[in-house]
Amino acid sequence: MICKDCGKEIGHEQHAASTESLGVALCERHTKLIKKIILNNSTPIEAVHLFYALKEAGAHPMLEWWDGKKSVDLAISRVKLNIEIDKDYNTITHEQAISDLEEAMHSFKNGFTTIRIPHLAIKYYLEDTVQNILGIIEGLKANIKVI
């Protein structure tokens with residue numbers, strides 16, 4: 001068993017502990033780092049799962065990336081893609097909806113594309129979600145080359 005972040009060999013106990021708490025096999029160092037990120041930013045666990053799935057797919061994501069105004073759950077900086085995980089998308093208020101729209105506008109003005117993904121898509125359809133994000137990345141790469 002190896003750490004999904006650094007590739008270091010990990011023991012059975014560490015594998016079980018990180019998988020149970022985070023859903024990802026990580027060494028002790030990376031388990032502590034991810035838990036600190038979650039604690040400091042209220043990062044959804046689905047963002048961690050998506051981060052490692054995208055990393056495994058070769059997308060080079062960044063977890064809790066500062067966009068100049070706020071921290072976004074995930075970012076693919078090479079194509080200026082911000083990814084937010086919606087935890088409570090079915091209970092959104094009209095104030096939150098307009099706030100989300102304003103944030104998207106600011107991102108667009110700065111050349112970034114922001115997508116919001118329901119946490120259930122990651123929880124139940126992680127591979128499909130990754131494939132769709134990879135498709136978005138490819139589309140954004142093509143648009144960057146055109147410009």
# chains A, B, ... in the order shown; residues from 1 in each chain; ligands from 1

$ closest_atom_pairs --of "stretch 26-85 of chain A" --to "stretch 2-20 of chain A" --cutoff "9 Å" --atoms "only C-alpha atoms" --output "JSON lines"
{"residue": "A:Leu26", "atom": "CA", "partner": "A:Cys3", "partner_atom": "CA", "distance": 4.2}
{"residue": "A:Cys27", "atom": "CA", "partner": "A:Cys3", "partner_atom": "CA", "distance": 5.2}
{"residue": "A:Glu28", "atom": "CA", "partner": "A:Gln14", "partner_atom": "CA", "distance": 6.7}
{"residue": "A:His30", "atom": "CA", "partner": "A:Asp5", "partner_atom": "CA", "distance": 7.1}
{"residue": "A:Thr31", "atom": "CA", "partner": "A:Ser18", "partner_atom": "CA", "distance": 6.2}
{"residue": "A:Tyr52", "atom": "CA", "partner": "A:Lys4", "partner_atom": "CA", "distance": 7.1}
{"residue": "A:Lys55", "atom": "CA", "partner": "A:Asp5", "partner_atom": "CA", "distance": 8.6}
{"residue": "A:Glu56", "atom": "CA", "partner": "A:Lys4", "partner_atom": "CA", "distance": 8.1}

$ write_last_selection --atoms "all heavy atoms" --output "short mmCIF file (atom, residue, chain, number, x, y, z; two decimals), in the first residue's frame"
data_model
loop_
_atom_site.label_atom_id
_atom_site.label_comp_id
_atom_site.auth_asym_id
_atom_site.auth_seq_id
_atom_site.Cartn_x
_atom_site.Cartn_y
_atom_site.Cartn_z
N LEU A 26 -3.35 7.52 2.60
CA LEU A 26 -2.31 8.53 2.72
C LEU A 26 -1.35 8.17 3.85
O LEU A 26 -1.75 7.54 4.82
CB LEU A 26 -2.91 9.90 3.01
CG LEU A 26 -3.84 10.50 1.97
CD1 LEU A 26 -4.51 11.77 2.50
CD2 LEU A 26 -3.09 10.80 0.69
N CYS A 27 -0.11 8.65 3.71
CA CYS A 27 0.87 8.48 4.78
C CYS A 27 0.46 9.39 5.95
O CYS A 27 -0.43 10.24 5.81
CB CYS A 27 2.28 8.80 4.29
SG CYS A 27 2.53 10.54 3.82
N GLU A 28 1.14 9.23 7.06
CA GLU A 28 0.80 10.01 8.25
C GLU A 28 0.95 11.52 8.00
O GLU A 28 0.10 12.32 8.39
CB GLU A 28 1.69 9.59 9.42
CG GLU A 28 1.30 10.20 10.73
CD GLU A 28 2.10 9.66 11.91
OE1 GLU A 28 2.82 8.66 11.75
OE2 GLU A 28 2.00 10.27 12.99
N HIS A 30 0.76 13.25 5.12
CA HIS A 30 -0.28 13.79 4.24
C HIS A 30 -1.67 13.70 4.88
O HIS A 30 -2.52 14.55 4.62
CB HIS A 30 -0.22 13.13 2.87
CG HIS A 30 0.91 13.65 2.05
ND1 HIS A 30 2.05 12.91 1.82
CD2 HIS A 30 1.11 14.85 1.48
CE1 HIS A 30 2.90 13.63 1.11
NE2 HIS A 30 2.35 14.81 0.90
N THR A 31 -1.90 12.71 5.72
CA THR A 31 -3.17 12.63 6.45
C THR A 31 -3.31 13.87 7.34
O THR A 31 -4.36 14.51 7.35
CB THR A 31 -3.23 11.35 7.31
OG1 THR A 31 -3.18 10.21 6.44
CG2 THR A 31 -4.51 11.29 8.13
N TYR A 52 -7.76 13.81 -5.33
CA TYR A 52 -6.89 12.66 -5.58
C TYR A 52 -7.27 11.90 -6.84
O TYR A 52 -6.40 11.38 -7.53
CB TYR A 52 -6.83 11.75 -4.35
CG TYR A 52 -5.94 12.35 -3.29
CD1 TYR A 52 -6.47 12.90 -2.13
CD2 TYR A 52 -4.56 12.42 -3.47
CE1 TYR A 52 -5.66 13.49 -1.18
CE2 TYR A 52 -3.74 13.01 -2.52
CZ TYR A 52 -4.29 13.55 -1.39
OH TYR A 52 -3.47 14.13 -0.45
N LYS A 55 -5.85 14.03 -9.62
CA LYS A 55 -4.39 13.90 -9.57
C LYS A 55 -3.97 12.58 -10.22
O LYS A 55 -3.04 12.54 -11.02
CB LYS A 55 -3.92 13.98 -8.11
CG LYS A 55 -2.42 14.04 -7.94
CD LYS A 55 -2.06 14.28 -6.49
CE LYS A 55 -0.55 14.34 -6.39
NZ LYS A 55 -0.11 14.73 -5.07
N GLU A 56 -4.68 11.52 -9.88
CA GLU A 56 -4.39 10.20 -10.45
C GLU A 56 -4.61 10.19 -11.97
O GLU A 56 -3.92 9.50 -12.71
CB GLU A 56 -5.28 9.15 -9.78
CG GLU A 56 -4.86 7.72 -10.05
CD GLU A 56 -5.64 6.74 -9.20
OE1 GLU A 56 -5.76 6.96 -7.98
OE2 GLU A 56 -6.15 5.76 -9.77
#

$ select_by_dssp --residues "stretch 59-139 of chain A" --states "strand (DSSP E)" --output "compact mmCIF listing (two decimals) with C-alpha atoms, in the first residue's frame"
# COMPACT_ATOMS: atom_id res chain seq x y z
CA MET A 62 -4.71 22.23 -6.34
CA LEU A 63 -6.74 21.84 -3.17
CA GLU A 64 -8.04 25.02 -1.48
CA TRP A 65 -6.47 27.45 -3.92
CA TRP A 66 -6.63 31.17 -3.16
CA SER A 71 -10.32 30.03 -1.35
CA VAL A 72 -11.84 27.67 -3.93
CA ASP A 73 -12.20 23.95 -3.22
CA LEU A 74 -10.14 22.87 -6.26
CA ALA A 75 -8.37 24.62 -9.08
CA ILE A 76 -6.67 23.58 -12.30
CA LEU A 81 -10.63 26.35 -13.89
CA ASN A 82 -12.06 26.72 -10.39
CA ILE A 83 -14.17 23.90 -8.98
CA GLU A 84 -16.52 24.37 -6.05
CA ILE A 85 -18.26 21.46 -4.37
CA ASP A 86 -21.89 22.17 -3.48
CA THR A 113 -14.14 29.48 -15.31
CA THR A 114 -15.92 28.33 -12.15
CA ILE A 115 -17.98 25.17 -12.07
CA ARG A 116 -20.08 23.95 -9.18
CA ILE A 117 -20.44 20.22 -8.69
CA PRO A 118 -23.01 18.68 -6.33

$ residues_around --residues "A:Gly135" --least-positions-apart "6" --cutoff "12 Å" --atoms "only C-alpha atoms" --output "list in words"
Leu54, Ala57, Ala59, Val79, Asp128, Thr129, Lys141 and Ala142 of chain A

$ write_last_selection --atoms "N, CA and C atoms" --output "PDB file, in the first residue's frame"
ATOM      1  N   LEU A  54      -8.528  13.330  -9.579  1.00  0.00           N
ATOM      2  CA  LEU A  54      -8.014  14.157 -10.685  1.00  0.00           C
ATOM      3  C   LEU A  54      -6.489  14.069 -10.763  1.00  0.00           C
ATOM      4  N   ALA A  57      -5.568  11.006 -12.433  1.00  0.00           N
ATOM      5  CA  ALA A  57      -5.867  11.091 -13.867  1.00  0.00           C
ATOM      6  C   ALA A  57      -4.904  12.029 -14.601  1.00  0.00           C
ATOM      7  N   ALA A  59      -4.386  15.430 -13.938  1.00  0.00           N
ATOM      8  CA  ALA A  59      -4.907  16.777 -14.160  1.00  0.00           C
ATOM      9  C   ALA A  59      -4.167  17.881 -13.385  1.00  0.00           C
ATOM     10  N   VAL A  79      -5.473  25.887 -16.842  1.00  0.00           N
ATOM     11  CA  VAL A  79      -6.577  26.259 -17.731  1.00  0.00           C
ATOM     12  C   VAL A  79      -7.548  27.234 -17.049  1.00  0.00           C
ATOM     13  N   ASP A 128     -17.187   9.183 -13.431  1.00  0.00           N
ATOM     14  CA  ASP A 128     -17.886   9.985 -14.437  1.00  0.00           C
ATOM     15  C   ASP A 128     -17.589  11.470 -14.245  1.00  0.00           C
ATOM     16  N   THR A 129     -17.554  11.903 -12.984  1.00  0.00           N
ATOM     17  CA  THR A 129     -17.254  13.296 -12.682  1.00  0.00           C
ATOM     18  C   THR A 129     -15.849  13.649 -13.160  1.00  0.00           C
ATOM     19  N   LYS A 141      -8.357  24.057 -22.722  1.00  0.00           N
ATOM     20  CA  LYS A 141      -7.027  24.084 -23.368  1.00  0.00           C
ATOM     21  C   LYS A 141      -7.151  24.484 -24.818  1.00  0.00           C
ATOM     22  N   ALA A 142      -8.155  23.946 -25.494  1.00  0.00           N
ATOM     23  CA  ALA A 142      -8.364  24.272 -26.917  1.00  0.00           C
ATOM     24  C   ALA A 142      -8.700  25.745 -27.089  1.00  0.00           C
TER      25      ALA A 142
END

$ atom_distance --atom1 "atom CA of A:His49" --atom2 "atom CA of A:Gln96"
24.9 Å

$ closest_residue --among "A:Lys69, A:Lys80, A:Thr93, A:Ser21" --to "A:Phe108" --atoms "only C-alpha atoms"
A:Lys80

$ select_by_dssp --residues "chain A" --states "alpha helix (DSSP H)" --output "ChimeraX atom specification"
/A:12-22,28-41,45-56,94-109,119-124,126-146

$ atom_distance --atom1 "atom CA of A:Ala121" --atom2 "atom CA of A:Ile92"
17.0 Å

$ atom_distance --atom1 "atom CA of A:Lys32" --atom2 "atom CA of A:Ala53"
19.1 Å

$ decode --residues "stretch 42-82 of chain A" --atoms "C-alpha atoms" --output "PDB file, in the first residue's frame"
ATOM      1  CA  SER A  42     -14.256  23.609   5.965  1.00  0.00           C
ATOM      2  CA  THR A  43     -13.244  21.667   2.876  1.00  0.00           C
ATOM      3  CA  PRO A  44     -15.823  19.035   1.914  1.00  0.00           C
ATOM      4  CA  ILE A  45     -14.512  15.475   2.020  1.00  0.00           C
ATOM      5  CA  GLU A  46     -15.748  15.089  -1.572  1.00  0.00           C
ATOM      6  CA  ALA A  47     -13.245  17.776  -2.615  1.00  0.00           C
ATOM      7  CA  VAL A  48     -10.463  15.602  -1.184  1.00  0.00           C
ATOM      8  CA  HIS A  49     -11.768  12.557  -3.068  1.00  0.00           C
ATOM      9  CA  LEU A  50     -12.022  14.547  -6.309  1.00  0.00           C
ATOM     10  CA  PHE A  51      -8.560  16.071  -5.762  1.00  0.00           C
ATOM     11  CA  TYR A  52      -6.887  12.664  -5.576  1.00  0.00           C
ATOM     12  CA  ALA A  53      -8.965  11.223  -8.430  1.00  0.00           C
ATOM     13  CA  LEU A  54      -8.014  14.157 -10.685  1.00  0.00           C
ATOM     14  CA  LYS A  55      -4.392  13.900  -9.569  1.00  0.00           C
ATOM     15  CA  GLU A  56      -4.390  10.198 -10.454  1.00  0.00           C
ATOM     16  CA  ALA A  57      -5.867  11.091 -13.867  1.00  0.00           C
ATOM     17  CA  GLY A  58      -2.977  13.517 -14.484  1.00  0.00           C
ATOM     18  CA  ALA A  59      -4.907  16.777 -14.160  1.00  0.00           C
ATOM     19  CA  HIS A  60      -2.577  18.533 -11.613  1.00  0.00           C
ATOM     20  CA  PRO A  61      -5.288  19.961  -9.329  1.00  0.00           C
ATOM     21  CA  MET A  62      -4.709  22.229  -6.341  1.00  0.00           C
ATOM     22  CA  LEU A  63      -6.741  21.837  -3.168  1.00  0.00           C
ATOM     23  CA  GLU A  64      -8.042  25.018  -1.480  1.00  0.00           C
ATOM     24  CA  TRP A  65      -6.473  27.445  -3.922  1.00  0.00           C
ATOM     25  CA  TRP A  66      -6.635  31.170  -3.155  1.00  0.00           C
ATOM     26  CA  ASP A  67      -8.083  32.980  -6.186  1.00  0.00           C
ATOM     27  CA  GLY A  68      -7.311  36.478  -4.910  1.00  0.00           C
ATOM     28  CA  LYS A  69     -10.700  36.921  -3.269  1.00  0.00           C
ATOM     29  CA  LYS A  70     -11.450  33.622  -1.565  1.00  0.00           C
ATOM     30  CA  SER A  71     -10.316  30.033  -1.348  1.00  0.00           C
ATOM     31  CA  VAL A  72     -11.842  27.672  -3.926  1.00  0.00           C
ATOM     32  CA  ASP A  73     -12.201  23.953  -3.222  1.00  0.00           C
ATOM     33  CA  LEU A  74     -10.144  22.869  -6.256  1.00  0.00           C
ATOM     34  CA  ALA A  75      -8.367  24.615  -9.085  1.00  0.00           C
ATOM     35  CA  ILE A  76      -6.675  23.583 -12.304  1.00  0.00           C
ATOM     36  CA  SER A  77      -4.520  26.679 -12.781  1.00  0.00           C
ATOM     37  CA  ARG A  78      -3.139  25.719 -16.208  1.00  0.00           C
ATOM     38  CA  VAL A  79      -6.577  26.259 -17.731  1.00  0.00           C
ATOM     39  CA  LYS A  80      -7.934  28.718 -15.147  1.00  0.00           C
ATOM     40  CA  LEU A  81     -10.630  26.350 -13.894  1.00  0.00           C
ATOM     41  CA  ASN A  82     -12.055  26.716 -10.386  1.00  0.00           C
TER      42      ASN A  82
END
